[in-house]
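Written out below as structure tokens is the structure these notes cover.
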Amino acid sequence: MTAATRPPALTATIHPTSPRFGGSGVLQQISVLSGRSLRVLREPAMVLPGVLEPILMLTVFSQVFKSVSQTAAFPAGVSYIDYLLPAFLVTSSISAGLKSGVALTTEMNNGIISRFKAMPIHTGSVLVGRSIADTALNVVNLLVMLVAAALIFGYGPAGGVLGSLSAALVSVVLGWSLGWLFMALSAWLRRPESLQPIGGMLNMVLLFASNAFVPADGLPGWLRVVAEVNPMSYAITAARDLALGHPDLGTILATLASCLVLVLITAPLAIRSFRRAT
Amino acid sequence: MDTVMIEVSDVTKSFGATRALDGVSLAVSEGTVLGLLGHNGAGKTTIVGILSTLSLPTSGQARVAGLDVTRNAEEVRRRIGLTGQYAAVDETLSGHANLVLIARLLGATRAQAAARAEELLELFSLTEAARRKVKDYSGGMRRRLDLAASLVGQPEVIFLDEPTTGLDPSARRGLWDVVKRLVQEGTTVLLTTQYLDEADFLADSITVLSAGRVIASGTADELKSRVGHRTVSVTLHTADDRPRAVRALEAAGLAPAHEPDSLVLTMPVQKSTDLAGVVRVADEANVEIAELAFSEPSLDDVYMALNHSAGS
């Protein structure tokens with residue numbers, strides 16, 4: 001290929017006489033940076049796995065754990081898919097949060113983050129841009145999941161469309177706040193290979209020791225205690241109650257408030273350690 | 001004319017118990033290239049990191065364009081371009097989109113950003129590949145794009161951290177030519193490299209770094225002559241000529257050496273023009289030469305010689 005072999009024929013000057021760019025505001029930085037990460041939406045090949053994975057999981061889980069719906073602890077008159085799907089909205093959002101952190105460590109190691117840091121832009125813009133983009137991608141994912149579940153598995157809980165959308169919203173808020181937690185962790189750990197197992201493990205424990213797949217009352221004693229104090233159980237309960245049409249304002253507010261507290265703590269930490277890294 | 005654009009005075013940098021930089025000082029005048037030469041771990045990247053505001057010095061002062069990198073980091077960032085060891089671009093975007101992204105972050109409007117991107121792609125012969133994803137670029141193309149990305153904001157000072165490590169010879173040459181052009185236009189460059197020939201070709205002056213300390217500085221020629229490891233090797237046609245050749249060369253003040261059964265005589269010389277002297281001596285002594293070679297000292301020679309003298 002000729003481009004790679006011959007030195008460029010420089011006909012013009014590298015530094016033209018036109019004035020230098022005058023710098024950008026934080027809002028422009030955030031919109032440019034989140035726009036960069038959202039470009040993946042234009043590529044089906046990059047979006048598809050994120051959409052297909054939960055659908056496949058849903059297929060498997062709805063069959064494997066179906067018998068749970070016949071147990072005494074299971075709410076009467078609720079189909080297992082209606083019970084399961086809100087939990088999936090939550091778990092997908094947790095994965096989305098983890099993805100923010102992993103993507104950040106990857107870029108810290110391939111050098112582009114160093115480039116951004118050596119530019120006259122606000123450090124926070126890089127993280128806020130990523131947070132916005134990943135949150136938006138999560139919204140798209142959850143909507144696709146809801147539609148697919150309704151069409152394929154006959155998902156149709158008592159809370160109606162509004163209930164399911166509210167459940168998705170609670171999940172998105174949770175994913176957004178965990179995104180900041182994982183970005184703070186990644187600014188501290190610095191390597192995707194360190195973050196991935198920690199995040200994966202956390203995800204796994206929080207997920208199975210919760211009421212995601214079975215009612216907490218049906219778990220053995222010690223595990224029930226874990227499931228009841230597990231923050232994930234609260235988010236899942238909030239989302240599930242919304243979808244099933246009997247929302248409990250207390251649980252919802254507690255979930256949203258703890259998400260907000262998490263962001264208020266981890267976002268400044270993330271930005272600070274991100275600036276300092278290297 | 002002689003404005004100092006990069007100034008490092010007595011900078012140290014420690015990572016825990018490790019001292020990556022130990023009292024480094026250097027200065028680079030406007031429109032010149034300083035080659036920072038050293039092996040892996042010598043502290044080259046650490047200096048670049050401090051000068052480009054990515055990390056703070058543990059002690060000492062560093063200034064770029066007269067601005068302190070610790071106190072005026074934001075202002076320094078407006079004036080610098082950084083090209084690291086890895087092509088720091090977004091692989092999922094096209095070359096064009098990468099340059100537009102940088103320009104937009106620097107405050108360009110969409111139209112200005114697109115114009116600047118096209119201008120730079122043209123300059124770096126990437127116009128054809130402009131809309132292709134960077135992950136499909138060759139190594140040389142990535143590095144060129146990376147350098148182009150550093151130039152979007154027309155920086156006064158450019159840091160090139162091992163810009164050609166891992167590139168094939170022609171891609172290296174291409175990048176060198178661009179750097180030469182930049183300097184002609186008045187840009188100040190700090191280049192780190194492991195290759196003496198690269199520093200030789202590009203740098204006005206060279207600073208040699210070893211284990212976080214400056215062990216020598218000067219022009220390429222000064223360093224090489226200080227090391228004095230330029231050698232001429234003469235390959236003889238027959239072993240019969242060897243005693244005669246050795247006698248003649250010794251008489252001319254040279255010190256030829258050879259392995260017991262070898263036809264190759266090797267001797268240190270001062271300058272490349274001494275080659276002619278060797279040929280003349282051989283000719284006068286009626287010695288037939290099969291092959292003649294002149295070799296510059298390698299970075300290893302420079303290192304060994306300088307480290308040796310620094311140690312004693």
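By order in the structure tokens, chains are A, B, ...; within a chain, residues start at 1; ligands start at 1, following the order shown.
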Segment 1-250 of chain B: residues DSSP assigns to alpha helix (DSSP H), reported as a PDB file with C-alpha atoms, in the first residue's frame:
```
ATOM      1  CA  LYS B  44      12.453   8.898  29.185  1.00  0.00           C
ATOM      2  CA  THR B  45       8.711   8.375  29.366  1.00  0.00           C
ATOM      3  CA  THR B  46       8.635   9.695  32.921  1.00  0.00           C
ATOM      4  CA  ILE B  47      10.102  13.014  31.757  1.00  0.00           C
ATOM      5  CA  VAL B  48       7.613  13.224  28.904  1.00  0.00           C
ATOM      6  CA  GLY B  49       4.805  12.456  31.371  1.00  0.00           C
ATOM      7  CA  ILE B  50       5.853  15.326  33.627  1.00  0.00           C
ATOM      8  CA  LEU B  51       6.327  17.795  30.760  1.00  0.00           C
ATOM      9  CA  ALA B  73      -0.991  22.848  33.699  1.00  0.00           C
ATOM     10  CA  GLU B  74      -4.082  24.063  31.861  1.00  0.00           C
ATOM     11  CA  GLU B  75      -2.100  26.699  29.915  1.00  0.00           C
ATOM     12  CA  VAL B  76       0.659  24.209  29.146  1.00  0.00           C
ATOM     13  CA  ARG B  77      -1.925  21.809  27.686  1.00  0.00           C
ATOM     14  CA  ARG B  78      -2.985  24.471  25.190  1.00  0.00           C
ATOM     15  CA  ARG B  79       0.503  24.599  23.768  1.00  0.00           C
ATOM     16  CA  GLY B  95      -9.076   8.364  10.906  1.00  0.00           C
ATOM     17  CA  HIS B  96     -11.240  11.303   9.922  1.00  0.00           C
ATOM     18  CA  ALA B  97     -13.557  10.887  12.913  1.00  0.00           C
ATOM     19  CA  ASN B  98     -10.565  10.745  15.273  1.00  0.00           C
ATOM     20  CA  LEU B  99      -9.191  14.059  14.056  1.00  0.00           C
ATOM     21  CA  VAL B 100     -12.632  15.684  14.111  1.00  0.00           C
ATOM     22  CA  LEU B 101     -13.073  14.473  17.696  1.00  0.00           C
ATOM     23  CA  ILE B 102      -9.821  16.112  18.796  1.00  0.00           C
ATOM     24  CA  ALA B 103     -10.586  19.355  16.947  1.00  0.00           C
ATOM     25  CA  ARG B 104     -14.077  19.530  18.487  1.00  0.00           C
ATOM     26  CA  LEU B 105     -12.607  19.026  21.941  1.00  0.00           C
ATOM     27  CA  ARG B 110     -18.060  21.085  13.025  1.00  0.00           C
ATOM     28  CA  ALA B 111     -17.019  22.807   9.800  1.00  0.00           C
ATOM     29  CA  GLN B 112     -13.655  23.919  11.163  1.00  0.00           C
ATOM     30  CA  ALA B 113     -13.018  20.453  12.587  1.00  0.00           C
ATOM     31  CA  ALA B 114     -13.780  18.737   9.276  1.00  0.00           C
ATOM     32  CA  ALA B 115     -11.543  21.182   7.399  1.00  0.00           C
ATOM     33  CA  ARG B 116      -8.638  20.700   9.793  1.00  0.00           C
ATOM     34  CA  ALA B 117      -9.058  16.908   9.666  1.00  0.00           C
ATOM     35  CA  GLU B 118      -8.953  16.873   5.884  1.00  0.00           C
ATOM     36  CA  GLU B 119      -5.930  19.142   5.825  1.00  0.00           C
ATOM     37  CA  LEU B 120      -3.988  16.864   8.176  1.00  0.00           C
ATOM     38  CA  LEU B 121      -5.081  13.639   6.476  1.00  0.00           C
ATOM     39  CA  GLU B 122      -3.789  15.080   3.219  1.00  0.00           C
ATOM     40  CA  LEU B 123      -0.473  16.064   4.797  1.00  0.00           C
ATOM     41  CA  GLY B 139       1.366   0.298  12.062  1.00  0.00           C
ATOM     42  CA  GLY B 140       2.885   3.135  10.076  1.00  0.00           C
ATOM     43  CA  MET B 141      -0.513   4.613   9.241  1.00  0.00           C
ATOM     44  CA  ARG B 142      -1.552   4.520  12.902  1.00  0.00           C
ATOM     45  CA  ARG B 143       1.550   6.350  13.997  1.00  0.00           C
ATOM     46  CA  ARG B 144       1.031   8.968  11.329  1.00  0.00           C
ATOM     47  CA  LEU B 145      -2.563   9.424  12.423  1.00  0.00           C
ATOM     48  CA  ASP B 146      -1.404   9.620  16.012  1.00  0.00           C
ATOM     49  CA  LEU B 147       1.064  12.362  15.134  1.00  0.00           C
ATOM     50  CA  ALA B 148      -1.599  14.133  13.074  1.00  0.00           C
ATOM     51  CA  ALA B 149      -3.917  14.010  16.103  1.00  0.00           C
ATOM     52  CA  SER B 150      -1.215  15.699  18.192  1.00  0.00           C
ATOM     53  CA  LEU B 151      -0.959  18.490  15.623  1.00  0.00           C
ATOM     54  CA  PRO B 169      12.297   1.215   7.975  1.00  0.00           C
ATOM     55  CA  SER B 170      10.269   3.005   5.327  1.00  0.00           C
ATOM     56  CA  ALA B 171       7.507   3.945   7.755  1.00  0.00           C
ATOM     57  CA  ARG B 172      10.198   5.266  10.117  1.00  0.00           C
ATOM     58  CA  ARG B 173      11.673   7.319   7.342  1.00  0.00           C
ATOM     59  CA  GLY B 174       8.256   8.751   6.529  1.00  0.00           C
ATOM     60  CA  LEU B 175       7.704   9.827  10.110  1.00  0.00           C
ATOM     61  CA  TRP B 176      11.169  11.348  10.311  1.00  0.00           C
ATOM     62  CA  ASP B 177      10.453  13.520   7.293  1.00  0.00           C
ATOM     63  CA  VAL B 178       7.301  14.854   8.908  1.00  0.00           C
ATOM     64  CA  VAL B 179       9.176  15.711  12.079  1.00  0.00           C
ATOM     65  CA  LYS B 180      11.823  17.526  10.047  1.00  0.00           C
ATOM     66  CA  ARG B 181       9.092  19.573   8.397  1.00  0.00           C
ATOM     67  CA  LEU B 182       7.545  20.457  11.721  1.00  0.00           C
ATOM     68  CA  VAL B 183      10.836  21.740  13.032  1.00  0.00           C
ATOM     69  CA  GLN B 184      11.435  23.791   9.909  1.00  0.00           C
ATOM     70  CA  LEU B 196      21.095   6.388  18.047  1.00  0.00           C
ATOM     71  CA  ASP B 197      20.501   6.715  14.311  1.00  0.00           C
ATOM     72  CA  GLU B 198      17.095   8.278  14.945  1.00  0.00           C
ATOM     73  CA  ALA B 199      18.521  10.833  17.359  1.00  0.00           C
ATOM     74  CA  ASP B 200      21.376  11.351  14.939  1.00  0.00           C
ATOM     75  CA  PHE B 201      19.049  12.096  12.050  1.00  0.00           C
ATOM     76  CA  LEU B 202      16.521  14.249  13.856  1.00  0.00           C
ATOM     77  CA  ALA B 220      25.523  13.358  17.972  1.00  0.00           C
ATOM     78  CA  ASP B 221      29.053  13.855  16.675  1.00  0.00           C
ATOM     79  CA  GLU B 222      30.321  15.056  20.025  1.00  0.00           C
ATOM     80  CA  LEU B 223      28.939  12.006  21.747  1.00  0.00           C
ATOM     81  CA  LYS B 224      30.299   9.596  19.204  1.00  0.00           C
ATOM     82  CA  SER B 225      33.758  11.088  19.193  1.00  0.00           C
ATOM     83  CA  ARG B 226      33.788  11.128  22.961  1.00  0.00           C
ATOM     84  CA  VAL B 227      33.018   7.449  22.913  1.00  0.00           C
ATOM     85  CA  ARG B 242      48.157 -10.273   6.913  1.00  0.00           C
ATOM     86  CA  PRO B 243      51.595  -9.674   8.531  1.00  0.00           C
ATOM     87  CA  ARG B 244      52.456  -7.045   5.928  1.00  0.00           C
ATOM     88  CA  ALA B 245      49.120  -5.304   6.344  1.00  0.00           C
ATOM     89  CA  VAL B 246      49.371  -5.254  10.148  1.00  0.00           C
ATOM     90  CA  ARG B 247      52.923  -3.817   9.993  1.00  0.00           C
ATOM     91  CA  ALA B 248      51.912  -1.076   7.543  1.00  0.00           C
ATOM     92  CA  LEU B 249      48.835  -0.064   9.502  1.00  0.00           C
ATOM     93  CA  GLU B 250      50.748   0.013  12.763  1.00  0.00           C
TER      94      GLU B 250
END
```
*asked:* I'd like the contact shell of segment 63-67 of chain B - 12 Å cut-off, only C-alpha atoms, skipping same-chain residues fewer than 2 positions apart - returned as a PyMOL selection string.
replied: chain B and resi 3-11+25-31+47-48+50-53+57+60-61+69-81+155-159+187-190
*Show which residues sit within 10 Å of Ala133 of chain A, as a ChimeraX atom specification. Count only C-alpha atoms, and ignore same-chain residues fewer than 6 positions away.*
/A:30-31,33-40,100,127,139
*Would you please extract all strand (DSSP E or B) residues from segment 175-272 of chain B, as assigned by DSSP on the backbone, and give them as a PyMOL selection string?*
chain B and resi 188-193+205-210+213-218+230-236+257+264-269
Residues of the last selection are to be written out with N, CA and C atoms, as a compact mmCIF listing (two decimals), in the first residue's frame.
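Writing done, so here's again_1.txt:
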```
# COMPACT_ATOMS: atom_id res chain seq x y z
N THR B 188 9.03 23.21 18.42
CA THR B 188 10.07 22.66 19.29
C THR B 188 9.71 21.22 19.60
N VAL B 189 10.68 20.33 19.50
CA VAL B 189 10.38 18.91 19.66
C VAL B 189 11.27 18.27 20.72
N LEU B 190 10.66 17.48 21.59
CA LEU B 190 11.43 16.62 22.46
C LEU B 190 11.10 15.19 22.06
N LEU B 191 12.14 14.48 21.65
CA LEU B 191 11.97 13.15 21.08
C LEU B 191 12.66 12.14 21.97
N THR B 192 11.97 11.10 22.37
CA THR B 192 12.68 10.05 23.09
C THR B 192 12.87 8.88 22.13
N THR B 193 13.99 8.23 22.26
CA THR B 193 14.26 7.13 21.35
C THR B 193 15.28 6.17 21.96
N SER B 205 20.45 18.31 19.40
CA SER B 205 21.32 17.88 20.49
C SER B 205 20.72 16.65 21.16
N ILE B 206 21.57 15.93 21.83
CA ILE B 206 21.16 14.65 22.41
C ILE B 206 21.48 14.63 23.89
N THR B 207 20.54 14.14 24.67
CA THR B 207 20.81 13.92 26.09
C THR B 207 20.67 12.43 26.34
N VAL B 208 21.69 11.86 26.95
CA VAL B 208 21.64 10.42 27.21
C VAL B 208 21.24 10.20 28.66
N LEU B 209 20.22 9.36 28.82
CA LEU B 209 19.66 9.12 30.13
C LEU B 209 19.94 7.66 30.51
N SER B 210 20.35 7.46 31.75
CA SER B 210 20.54 6.09 32.21
C SER B 210 20.13 6.02 33.67
N ARG B 213 19.24 9.31 35.39
CA ARG B 213 20.20 10.41 35.44
C ARG B 213 20.68 10.76 34.04
N VAL B 214 21.03 12.03 33.85
CA VAL B 214 21.65 12.44 32.59
C VAL B 214 23.12 12.04 32.67
N ILE B 215 23.56 11.18 31.73
CA ILE B 215 24.96 10.79 31.80
C ILE B 215 25.80 11.48 30.74
N ALA B 216 25.17 12.12 29.77
CA ALA B 216 25.93 12.88 28.79
C ALA B 216 24.98 13.72 27.98
N SER B 217 25.48 14.85 27.46
CA SER B 217 24.69 15.56 26.47
C SER B 217 25.60 16.30 25.52
N GLY B 218 25.11 16.53 24.32
CA GLY B 218 25.90 17.17 23.27
C GLY B 218 25.32 16.83 21.92
N ARG B 230 34.36 4.38 16.77
CA ARG B 230 34.19 4.18 15.33
C ARG B 230 35.27 3.21 14.89
N THR B 231 34.92 2.29 14.09
CA THR B 231 35.92 1.32 13.67
C THR B 231 35.90 1.12 12.16
N VAL B 232 37.08 0.76 11.67
CA VAL B 232 37.18 0.36 10.27
C VAL B 232 37.56 -1.11 10.28
N SER B 233 36.88 -1.92 9.47
CA SER B 233 37.34 -3.30 9.33
C SER B 233 37.71 -3.59 7.89
N VAL B 234 38.85 -4.21 7.76
CA VAL B 234 39.40 -4.52 6.45
C VAL B 234 39.41 -6.03 6.29
N THR B 235 38.81 -6.53 5.22
CA THR B 235 38.87 -7.97 4.96
C THR B 235 39.92 -8.22 3.87
N LEU B 236 40.90 -9.04 4.20
CA LEU B 236 41.99 -9.29 3.26
C LEU B 236 41.62 -10.42 2.30
N ALA B 257 43.52 -5.16 14.93
CA ALA B 257 43.42 -6.37 15.73
C ALA B 257 42.68 -7.42 14.93
N VAL B 264 39.88 -10.72 8.79
CA VAL B 264 39.36 -9.39 9.08
C VAL B 264 40.21 -8.67 10.12
N LEU B 265 40.69 -7.48 9.74
CA LEU B 265 41.45 -6.64 10.67
C LEU B 265 40.55 -5.49 11.11
N THR B 266 40.44 -5.30 12.41
CA THR B 266 39.57 -4.24 12.90
C THR B 266 40.38 -3.22 13.68
N MET B 267 40.11 -1.92 13.44
CA MET B 267 40.87 -0.88 14.17
C MET B 267 39.99 0.32 14.46
N PRO B 268 40.16 0.88 15.64
CA PRO B 268 39.41 2.10 15.96
C PRO B 268 39.98 3.30 15.19
N VAL B 269 39.09 4.21 14.80
CA VAL B 269 39.53 5.43 14.13
C VAL B 269 38.80 6.63 14.73
```
*Tell me, as a PyMOL selection string, which residues lie within 7 Å of Gly245 of chain A, counting only C-alpha atoms; anything in the same chain fewer than 3 positions away does not count.*
chain A and resi 158-159+163+241-242
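Here atom CA of His237 of chain B and atom CA of Ala290 of chain B stand 5.3 Å from one another.
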